[in-house]
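Asker: Provided below: my_file_11.txt, containing compact mmCIF, C-alpha atoms and all ligand atoms.
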# COMPACT_ATOMS: atom_id res chain seq x y z
CA MET K 1 0.00 0.00 0.00
CA LEU K 2 1.45 3.29 -1.09
CA LYS K 3 -1.21 5.47 0.50
CA GLY K 4 0.24 7.91 3.03
CA LYS K 5 3.87 6.98 2.32
CA SER K 6 6.67 9.42 1.57
CA LEU K 7 9.18 8.95 -1.25
CA ILE K 8 12.67 10.03 -0.26
CA GLU K 9 14.83 7.63 -2.23
CA PRO K 10 14.15 4.92 -4.84
CA MET K 11 14.48 2.04 -2.37
CA ASP K 12 11.47 3.38 -0.44
CA LEU K 13 9.41 1.69 -3.13
CA SER K 14 9.27 -2.09 -3.43
CA LEU K 15 9.65 -3.42 -6.96
CA GLU K 16 5.96 -4.21 -6.90
CA GLU K 17 5.03 -0.65 -5.89
CA LEU K 18 7.35 0.73 -8.54
CA ASN K 19 5.68 -1.38 -11.19
CA GLU K 20 2.25 -0.29 -9.97
CA ILE K 21 3.24 3.35 -10.47
CA LEU K 22 4.68 2.70 -13.94
CA CYS K 23 1.56 0.77 -14.97
CA LEU K 24 -0.74 3.52 -13.75
CA ALA K 25 1.37 6.07 -15.67
CA ASP K 26 0.86 3.96 -18.82
CA GLU K 27 -2.89 3.95 -18.24
CA ILE K 28 -2.92 7.72 -17.76
CA ILE K 29 -0.98 8.18 -21.03
CA GLU K 30 -3.56 6.00 -22.80
CA ASN K 31 -6.57 7.83 -21.45
CA PRO K 32 -5.70 11.10 -19.66
CA THR K 33 -9.25 12.44 -19.55
CA ALA K 34 -10.34 9.52 -17.35
CA TYR K 35 -8.11 10.98 -14.61
CA ALA K 36 -9.04 14.65 -15.01
CA ASP K 37 -10.86 14.77 -11.66
CA ALA K 38 -8.93 12.12 -9.76
CA CYS K 39 -7.47 14.61 -7.26
CA LYS K 40 -10.33 17.09 -7.15
CA GLY K 41 -10.28 19.01 -3.87
CA LYS K 42 -6.70 17.96 -3.02
CA ILE K 43 -3.77 20.36 -2.66
CA LEU K 44 -0.13 19.78 -3.56
CA ALA K 45 2.45 22.11 -1.99
CA THR K 46 5.71 22.55 -3.89
CA LEU K 47 8.45 23.70 -1.50
CA PHE K 48 11.47 24.49 -3.67
CA TYR K 49 14.48 25.87 -1.82
CA GLU K 50 16.58 25.48 -4.98
CA PRO K 51 15.94 26.49 -8.62
CA SER K 52 13.98 24.18 -10.91
CA THR K 53 12.06 24.38 -14.17
CA ARG K 54 11.01 20.85 -15.09
CA THR K 55 10.63 19.23 -11.73
CA ARG K 56 8.51 21.90 -10.07
CA LEU K 57 6.39 22.66 -13.09
CA SER K 58 5.90 19.00 -13.91
CA PHE K 59 4.68 18.36 -10.35
CA GLU K 60 2.33 21.31 -10.70
CA ALA K 61 1.15 20.28 -14.17
CA ALA K 62 0.62 16.73 -12.88
CA MET K 63 -1.60 17.90 -10.01
CA LEU K 64 -3.53 20.35 -12.22
CA ARG K 65 -4.15 17.61 -14.81
CA LEU K 66 -5.58 15.47 -12.02
CA GLY K 67 -8.02 18.24 -11.15
CA GLY K 68 -6.22 19.19 -7.94
CA ASN K 69 -4.75 22.50 -6.81
CA VAL K 70 -1.19 23.66 -6.17
CA MET K 71 0.56 26.20 -3.99
CA GLY K 72 4.12 26.76 -2.88
CA PHE K 73 7.32 28.71 -3.35
CA SER K 74 10.06 28.45 -5.93
CA SER K 75 13.04 29.79 -4.01
CA ALA K 76 14.19 29.88 -0.42
CA ASP K 77 14.26 33.71 -0.60
CA THR K 78 10.48 33.87 -0.74
CA SER K 79 9.92 31.54 2.23
CA SER K 80 10.37 31.91 5.98
CA ALA K 81 13.71 30.11 5.60
CA THR K 82 15.15 33.63 5.28
CA LYS K 83 13.85 34.36 8.80
CA GLY K 84 15.62 31.26 10.08
CA GLU K 85 12.69 28.84 10.21
CA SER K 86 13.68 25.16 10.28
CA VAL K 87 12.47 22.64 7.68
CA ALA K 88 10.75 20.78 10.52
CA ASP K 89 8.64 23.81 11.48
CA THR K 90 7.88 24.70 7.86
CA ILE K 91 6.58 21.21 7.12
CA ARG K 92 4.37 21.18 10.21
CA THR K 93 2.82 24.40 8.99
CA ILE K 94 2.36 23.26 5.40
CA ALA K 95 0.83 19.97 6.56
CA CYS K 96 -2.02 22.06 8.00
CA TYR K 97 -2.79 23.44 4.53
CA ALA K 98 -1.93 20.76 1.95
CA ASP K 99 -2.50 17.04 1.33
CA ILE K 100 0.89 16.23 -0.19
CA VAL K 101 4.27 17.97 -0.51
CA ALA K 102 7.07 17.94 -3.09
CA MET K 103 10.28 19.36 -1.64
CA ARG K 104 13.60 20.28 -3.23
CA HIS K 105 16.42 21.38 -0.94
CA PRO K 106 20.15 22.04 -1.32
CA LYS K 107 20.87 20.14 1.91
CA GLU K 108 21.09 16.37 1.61
CA GLY K 109 18.58 14.76 3.92
CA ALA K 110 16.27 17.79 4.31
CA PRO K 111 13.26 16.01 2.71
CA LEU K 112 13.87 13.01 4.99
CA VAL K 113 13.75 15.29 8.04
CA ALA K 114 10.55 16.80 6.64
CA ALA K 115 9.01 13.36 6.11
CA MET K 116 9.77 12.38 9.70
CA LYS K 117 7.95 15.48 10.98
CA SER K 118 5.05 15.32 8.56
CA ASN K 119 1.69 13.61 8.72
CA ILE K 120 1.17 14.00 4.96
CA PRO K 121 3.28 12.37 2.20
CA VAL K 122 6.55 14.14 1.35
CA ILE K 123 8.17 13.57 -2.03
CA ASN K 124 11.86 14.32 -2.41
CA ALA K 125 12.19 16.46 -5.53
CA GLY K 126 16.00 16.50 -5.23
CA ASP K 127 18.18 16.92 -2.13
CA GLY K 128 21.63 18.38 -2.80
CA GLY K 129 23.92 15.95 -4.58
CA HIS K 130 22.13 13.00 -3.02
CA GLN K 131 18.93 11.55 -4.57
CA HIS K 132 16.18 12.46 -7.04
CA PRO K 133 13.68 9.59 -7.01
CA THR K 134 11.00 11.13 -9.24
CA GLN K 135 13.51 11.83 -12.00
CA THR K 136 14.29 8.13 -11.75
CA LEU K 137 10.61 7.28 -12.17
CA SER K 138 10.63 9.38 -15.37
CA ASP K 139 13.82 7.62 -16.51
CA LEU K 140 12.38 4.15 -15.88
CA LEU K 141 9.12 4.96 -17.66
CA THR K 142 11.12 6.29 -20.64
CA ILE K 143 13.30 3.18 -20.85
CA LYS K 144 10.32 0.87 -20.41
CA THR K 145 8.34 2.70 -23.09
CA LEU K 146 11.14 2.95 -25.65
CA LYS K 147 13.01 -0.31 -25.04
CA GLY K 148 10.03 -2.37 -23.90
CA LYS K 149 11.79 -3.69 -20.79
CA LEU K 150 13.74 -2.78 -17.68
CA ASN K 151 16.21 -5.66 -17.76
CA ASP K 152 18.96 -7.09 -20.00
CA PHE K 153 20.69 -4.00 -21.31
CA THR K 154 23.88 -2.00 -21.08
CA ILE K 155 23.56 1.57 -19.88
CA GLY K 156 26.30 4.17 -20.13
CA ILE K 157 26.01 7.00 -17.63
CA CYS K 158 28.21 9.92 -18.57
CA GLY K 159 29.29 13.21 -17.02
CA ASP K 160 29.14 14.31 -13.40
CA LEU K 161 28.57 11.04 -11.58
CA LYS K 162 29.82 12.46 -8.29
CA PHE K 163 27.35 15.29 -7.72
CA GLY K 164 24.59 14.17 -10.10
CA ARG K 165 21.72 13.06 -7.87
CA THR K 166 19.77 11.69 -10.83
CA VAL K 167 22.65 9.29 -11.43
CA HIS K 168 22.68 8.02 -7.84
CA SER K 169 18.94 7.35 -7.84
CA LEU K 170 18.99 5.71 -11.27
CA ILE K 171 21.80 3.33 -10.34
CA LYS K 172 20.00 2.37 -7.13
CA ALA K 173 16.72 1.73 -8.93
CA LEU K 174 18.21 -0.21 -11.85
CA SER K 175 20.32 -2.34 -9.51
CA ARG K 176 17.16 -4.32 -8.73
CA TYR K 177 16.51 -5.42 -12.30
CA GLU K 178 18.11 -8.47 -13.94
CA ASN K 179 21.21 -8.34 -16.07
CA ILE K 180 21.90 -4.63 -16.30
CA LYS K 181 25.48 -3.66 -17.08
CA PHE K 182 26.63 -0.18 -16.11
CA ILE K 183 29.40 1.66 -17.93
CA LEU K 184 30.23 4.73 -15.86
CA ILE K 185 31.93 7.39 -17.94
CA SER K 186 33.44 10.36 -16.13
CA PRO K 187 36.66 12.22 -15.44
CA GLU K 188 38.59 10.77 -12.50
CA GLU K 189 37.40 13.60 -10.19
CA LEU K 190 33.70 13.06 -10.96
CA ARG K 191 33.40 9.31 -10.43
CA VAL K 192 30.40 7.92 -8.51
CA PRO K 193 30.57 8.36 -4.72
CA GLU K 194 32.06 5.57 -2.64
CA TYR K 195 28.66 4.61 -1.15
CA ILE K 196 27.18 3.93 -4.58
CA ARG K 197 30.19 1.83 -5.62
CA GLU K 198 30.48 -0.08 -2.33
CA GLU K 199 26.88 -0.45 -1.16
CA ILE K 200 25.19 -0.95 -4.50
CA LEU K 201 27.53 -2.03 -7.28
CA ILE K 202 30.02 -4.16 -5.37
CA LYS K 203 27.67 -5.45 -2.68
CA LYS K 204 25.12 -6.63 -5.24
CA ALA K 205 27.82 -8.00 -7.56
CA ILE K 206 26.60 -5.86 -10.45
CA ASP K 207 28.54 -5.81 -13.68
CA TYR K 208 30.09 -2.34 -13.97
CA LEU K 209 33.02 -0.59 -15.55
CA GLU K 210 34.43 2.88 -14.92
CA VAL K 211 36.00 4.58 -17.93
CA GLU K 212 37.01 8.08 -18.99
CA ARG K 213 36.38 8.07 -22.73
CA LEU K 214 32.88 7.90 -24.20
CA GLU K 215 34.20 7.27 -27.73
CA ASP K 216 35.79 3.96 -26.71
CA ILE K 217 32.60 2.29 -25.49
CA ILE K 218 29.66 4.04 -27.15
CA GLN K 219 29.13 1.11 -29.54
CA GLU K 220 28.32 -1.20 -26.59
CA LEU K 221 25.44 0.87 -25.22
CA ASP K 222 21.69 0.33 -25.41
CA VAL K 223 21.03 3.46 -23.35
CA LEU K 224 23.28 6.52 -23.03
CA TYR K 225 22.39 8.75 -20.06
CA MET K 226 24.17 12.11 -20.33
CA THR K 227 24.38 14.52 -17.39
CA ARG K 228 25.36 18.12 -16.74
CA VAL K 229 28.42 19.00 -14.66
CA GLN K 230 26.73 20.27 -11.48
CA LYS K 231 28.22 23.76 -11.25
CA GLU K 232 26.36 24.67 -8.06
CA ARG K 233 27.98 21.81 -6.09
CA PHE K 234 31.60 22.74 -6.85
CA PHE K 235 33.69 24.34 -4.13
CA ASN K 236 36.02 25.93 -6.60
CA GLU K 237 35.19 27.64 -9.89
CA ALA K 238 38.49 26.73 -11.54
CA ASP K 239 37.67 23.02 -11.16
CA TYR K 240 34.25 23.56 -12.70
CA ILE K 241 35.71 25.43 -15.68
CA ARG K 242 38.30 22.69 -16.21
CA LEU K 243 35.72 19.89 -16.13
CA LYS K 244 32.58 21.43 -17.59
CA ASP K 245 33.21 20.48 -21.21
CA SER K 246 34.60 17.02 -20.54
CA TYR K 247 31.93 15.44 -22.75
CA ILE K 248 30.10 16.88 -25.70
CA LEU K 249 27.92 14.41 -27.54
CA ASP K 250 27.66 15.29 -31.23
CA SER K 251 26.71 13.55 -34.47
CA SER K 252 30.23 12.36 -35.19
CA LYS K 253 30.49 10.58 -31.81
CA LEU K 254 27.14 8.93 -32.50
CA GLU K 255 28.32 7.32 -35.73
CA LYS K 256 29.60 4.26 -33.89
CA ALA K 257 26.52 3.93 -31.63
CA LYS K 258 23.82 1.29 -32.12
CA GLU K 259 20.89 2.26 -34.35
CA ASP K 260 18.43 1.65 -31.52
CA MET K 261 20.43 3.15 -28.66
CA ILE K 262 18.43 5.81 -26.82
CA ILE K 263 19.99 9.06 -25.62
CA MET K 264 18.65 10.33 -22.32
CA HIS K 265 19.36 13.43 -20.19
CA PRO K 266 17.44 14.65 -17.13
CA LEU K 267 17.90 18.25 -18.43
CA PRO K 268 18.76 21.10 -18.19
CA ARG K 269 21.61 20.60 -20.63
CA VAL K 270 24.45 23.04 -20.96
CA ASN K 271 27.01 21.83 -23.53
CA GLU K 272 26.99 18.10 -23.07
CA ILE K 273 24.64 17.33 -25.96
CA SER K 274 25.10 19.37 -29.12
CA VAL K 275 21.75 20.70 -30.45
CA GLU K 276 22.33 18.89 -33.76
CA VAL K 277 21.64 15.64 -31.87
CA ASP K 278 18.06 16.78 -31.10
CA ASN K 279 16.96 15.68 -34.58
CA ASP K 280 18.49 12.23 -34.25
CA PRO K 281 15.69 9.65 -33.79
CA ARG K 282 17.67 8.21 -30.88
CA ALA K 283 17.34 11.45 -28.86
CA ALA K 284 14.81 10.70 -26.11
CA TYR K 285 15.33 13.56 -23.65
CA PHE K 286 12.23 15.57 -24.47
CA ARG K 287 10.09 12.43 -24.42
CA GLN K 288 11.70 11.73 -21.02
CA THR K 289 10.44 15.12 -19.80
CA LYS K 290 6.91 14.23 -20.85
CA CYS K 291 7.12 10.86 -19.11
CA GLY K 292 8.06 12.84 -15.98
CA MET K 293 4.69 14.54 -15.82
CA TYR K 294 2.68 11.34 -16.34
CA VAL K 295 4.65 9.36 -13.81
CA ARG K 296 4.25 12.15 -11.24
CA MET K 297 0.49 12.02 -11.85
CA ALA K 298 0.60 8.30 -11.08
CA LEU K 299 2.77 8.83 -8.00
CA ILE K 300 0.55 11.57 -6.54
CA MET K 301 -2.54 9.37 -7.03
CA LYS K 302 -0.90 6.40 -5.33
CA LEU K 303 0.45 8.37 -2.34
CA LEU K 304 -2.91 10.07 -1.85
CA GLY K 305 -4.69 6.73 -2.23
CA VAL K 306 -7.10 7.92 -4.94
CA GLU K 307 -7.95 5.56 -7.80
C1 LIG E 401 18.26 17.43 -12.54
C2 LIG E 401 18.38 17.84 -11.08
O1 LIG E 401 17.79 18.83 -10.66
O2 LIG E 401 19.10 17.13 -10.40
N1 LIG E 401 17.27 18.14 -13.22
C3 LIG E 401 15.98 17.70 -13.14
O3 LIG E 401 15.42 17.58 -12.09
N2 LIG E 401 15.39 17.37 -14.29
C4 LIG E 401 19.55 17.42 -13.25
C5 LIG E 401 20.40 18.65 -13.28
O4 LIG E 401 20.07 19.69 -12.69
O5 LIG E 401 21.45 18.59 -13.91
What would you get if you wrote out this structure as structure tokens?

Answerer:
Amino acid sequence: MLKGKSLIEPMDLSLEELNEILCLADEIIENPTAYADACKGKILATLFYEPSTRTRLSFEAAMLRLGGNVMGFSSADTSSATKGESVADTIRTIACYADIVAMRHPKEGAPLVAAMKSNIPVINAGDGGHQHPTQTLSDLLTIKTLKGKLNDFTIGICGDLKFGRTVHSLIKALSRYENIKFILISPEELRVPEYIREEILIKKAIDYLEVERLEDIIQELDVLYMTRVQKERFFNEADYIRLKDSYILDSSKLEKAKEDMIIMHPLPRVNEISVEVDNDPRAAYFRQTKCGMYVRMALIMKLLGVE
């Protein structure tokens, strides 16, 4: 039963619950009008202490398309955080007004603290460089829709694997499916954090490889997941400038890739995918954005317990 639960990281969902959400998202895509009043009278609060375009607006669009209402703030500057209010106090207040909360926060663990203090479901919409479980739901729905399965494939994840929270959540979620091989492509300084390597990849004996050059392995991939170098998490601007253009996917690099490989990116992109790639039939990142809204509709319905 998902009703009343919070979603802080991918492992909060059992595989069965995850599949329920993905199936409901498929049904919503098939027949969106059937769900137009599913959340009538319910309120979603979006508490965004960090900038966002897609995630916040897709949560809001999801709730509006379910017939519900939304309220919230889109930066810490416009909330009582500037007066020194704690996340714990803010959530207790919001829980008096809303039925469900989506929270993004620069501090890792802030949505977990909120969930512990809240009597309504809290969804982590990204906490620092830690986790981003609803982006992962969008990613899984995209892969399932375009590849027809969530097992037996090789995925290359490229870019900032250290600070990229979408990467951490995706690896965790995919680690539960059969026969997935990960090729992790990053500069030495931006490799996946130790806890992902030790507690997920090594502990679960998952087939993985860490490499620095995309060109050398692109032909092996069924899915290529590109990511942005996370400027806002760097301590030092010189390091960011040195690393920011480590990978630029363009048409020439794609020549060696499989015909049916899909190219994903959580967006926003900076330079890591050249715009000429947008017209390649393998480019899936805008479809991925659309999946994000539908899967959030399904998630909100499940956590609120409306059918
Ligand atoms: C990602 C995020 O916020 O972590 N964006 C998103 O939610 N779609 C990725 C990023 O900012 O690079």

Asker: Would you list the contacts of Ile155 in chain K as a list of chain:residue names, taking every protein, DNA or RNA residue within 8 Å and counting all atoms listed in the file, but skipping same-chain residues closer than 2 positions in sequence?

Answerer: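 Close residues of Ile155 in chain K: K:Phe153, K:Ile157, K:Ile180, K:Lys181, K:Phe182, K:Ile183, K:Leu221, K:Asp222, K:Val223, K:Leu224, K:Tyr225.
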
Asker: Could you give me, as a tab-separated table, every chain K residue with an atom at most 6 Å from ligand LIG 401 (chain E), plus its closest atom pair and distance in Å to one decimal, counting all atoms listed in the file, rows ordered by chain then number?

Answerer:
residue	atom	partner	partner_atom	distance
K:Arg54	CA	E:LIG401	N2	5.7
K:Thr55	CA	E:LIG401	O3	5.1
K:Arg165	CA	E:LIG401	O2	5.5
K:Thr166	CA	E:LIG401	O2	5.5
K:Arg228	CA	E:LIG401	O5	4.8
K:Pro266	CA	E:LIG401	N2	4.4
K:Leu267	CA	E:LIG401	N2	4.9
K:Pro268	CA	E:LIG401	O5	5.6

Asker: What is the distance, in Å and to one decimal place, between CA of Met226 in chain K and CA of Gln288 in chain K?

Answerer: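 Straight-line distance from CA of Met226 in chain K to CA of Gln288 in chain K works out to 12.5 Å.
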
Asker: Please indicate the distance in Å from CA of Arg56 in chain K to CA of Val70 in chain K, rounded to one decimal place.

Answerer: 10.6 Å

Asker: Can you list, as a list of chain:residue names, every protein, DNA or RNA residue that comes within 7 Å of range 61-69 of chain K when you count all atoms listed in the file, leaving out same-chain residues fewer than 2 positions away?

Answerer: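 Once the adjacent positions are removed, what remains is K:Tyr35, K:Ala36, K:Asp37, K:Ala38, K:Cys39, K:Lys40, K:Gly41, K:Lys42, K:Ile43, K:Leu44, K:Leu57, K:Ser58, K:Phe59, K:Met293, K:Tyr294, K:Arg296, K:Met297.
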
Asker: Show which residues sit within 12 Å of Asn19 in chain K, as a PDB file with C-alpha atoms, in the coordinates of the input. Count all atoms listed in the file, and ignore same-chain residues fewer than 5 positions away.

Answerer:
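Now in selection.pdb:
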ATOM      1  CA  LEU K   2       1.450   3.290  -1.090  1.00  0.00           C
ATOM      2  CA  LEU K  13       9.410   1.690  -3.130  1.00  0.00           C
ATOM      3  CA  SER K  14       9.270  -2.090  -3.430  1.00  0.00           C
ATOM      4  CA  LEU K  24      -0.740   3.520 -13.750  1.00  0.00           C
ATOM      5  CA  ALA K  25       1.370   6.070 -15.670  1.00  0.00           C
ATOM      6  CA  ASP K  26       0.860   3.960 -18.820  1.00  0.00           C
ATOM      7  CA  LEU K 137      10.610   7.280 -12.170  1.00  0.00           C
ATOM      8  CA  LEU K 140      12.380   4.150 -15.880  1.00  0.00           C
ATOM      9  CA  LEU K 141       9.120   4.960 -17.660  1.00  0.00           C
ATOM     10  CA  LYS K 144      10.320   0.870 -20.410  1.00  0.00           C
ATOM     11  CA  LYS K 149      11.790  -3.690 -20.790  1.00  0.00           C
ATOM     12  CA  LEU K 150      13.740  -2.780 -17.680  1.00  0.00           C
ATOM     13  CA  ALA K 173      16.720   1.730  -8.930  1.00  0.00           C
ATOM     14  CA  TYR K 177      16.510  -5.420 -12.300  1.00  0.00           C
ATOM     15  CA  VAL K 295       4.650   9.360 -13.810  1.00  0.00           C
ATOM     16  CA  ALA K 298       0.600   8.300 -11.080  1.00  0.00           C
ATOM     17  CA  LEU K 299       2.770   8.830  -8.000  1.00  0.00           C
ATOM     18  CA  LYS K 302      -0.900   6.400  -5.330  1.00  0.00           C
TER      19      LYS K 302
END

Asker: Could you tell me which of K:Pro133, K:Pro51, K:Gly126, K:Gly72 comes closest to Ile94 in chain K if we count only C-alpha atoms?

Answerer: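 Nearest to Ile94 in chain K: K:Gly72.
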
Asker: Between CA of Ile196 in chain K and CA of Gly4 in chain K, what is the spacing in Å?

Answerer: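 CA of Ile196 in chain K lies at a distance of 28.3 Å from CA of Gly4 in chain K.
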
Asker: Quick one: residues within 9 Å of Ala95 in chain K, all atoms listed in the file counted, chain neighbours fewer than 6 positions away excluded, as number ranges by chain?

Answerer: K: 45, 101, 118-120

Asker: Which residues are near range 200-215 of chain K? Cut-off 12 Å, all atoms listed in the file, ignore same chain within fewer than 6 positions. Put them as a PyMOL selection string.

Answerer: chain K and resi 11+152-161+168-194+221+224-226+246-257+272

Asker: Could you check the closest approach to Leu303 in chain K for each of K:Lys117, K:Phe73, K:Gly164, K:Val122 and tell me which residue wins, using all atoms listed in the file?

Answerer: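 Smallest separation from Leu303 in chain K among the options: K:Val122.
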
Asker: Taking all atoms listed in the file into account, which of K:Asp278, K:Glu199, K:Ile28, K:Thr82 comes nearest Cys291 in chain K?

Answerer: K:Ile28

Asker: Nearest residue to Met1 in chain K out of K:Asp280, K:Leu304, K:Gly84, K:Thr289, using all atoms listed in the file?

Answerer: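 Among the listed residues, K:Leu304 lies closest to Met1 in chain K.
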
Asker: From the list K:Glu198, K:Glu30, K:Glu9, K:Asp99, which residue is nearest Pro121 in chain K when using only C-alpha atoms?

Answerer: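 Of all the options, K:Asp99 lies closest to Pro121 in chain K.
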
Asker: Of the candidates K:Val277, K:Leu18, K:Gly305, K:Lys258, which shows the shortest atom-to-atom distance to Ile217 in chain K, using only C-alpha atoms?

Answerer: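 Nearest to Ile217 in chain K: K:Lys258.
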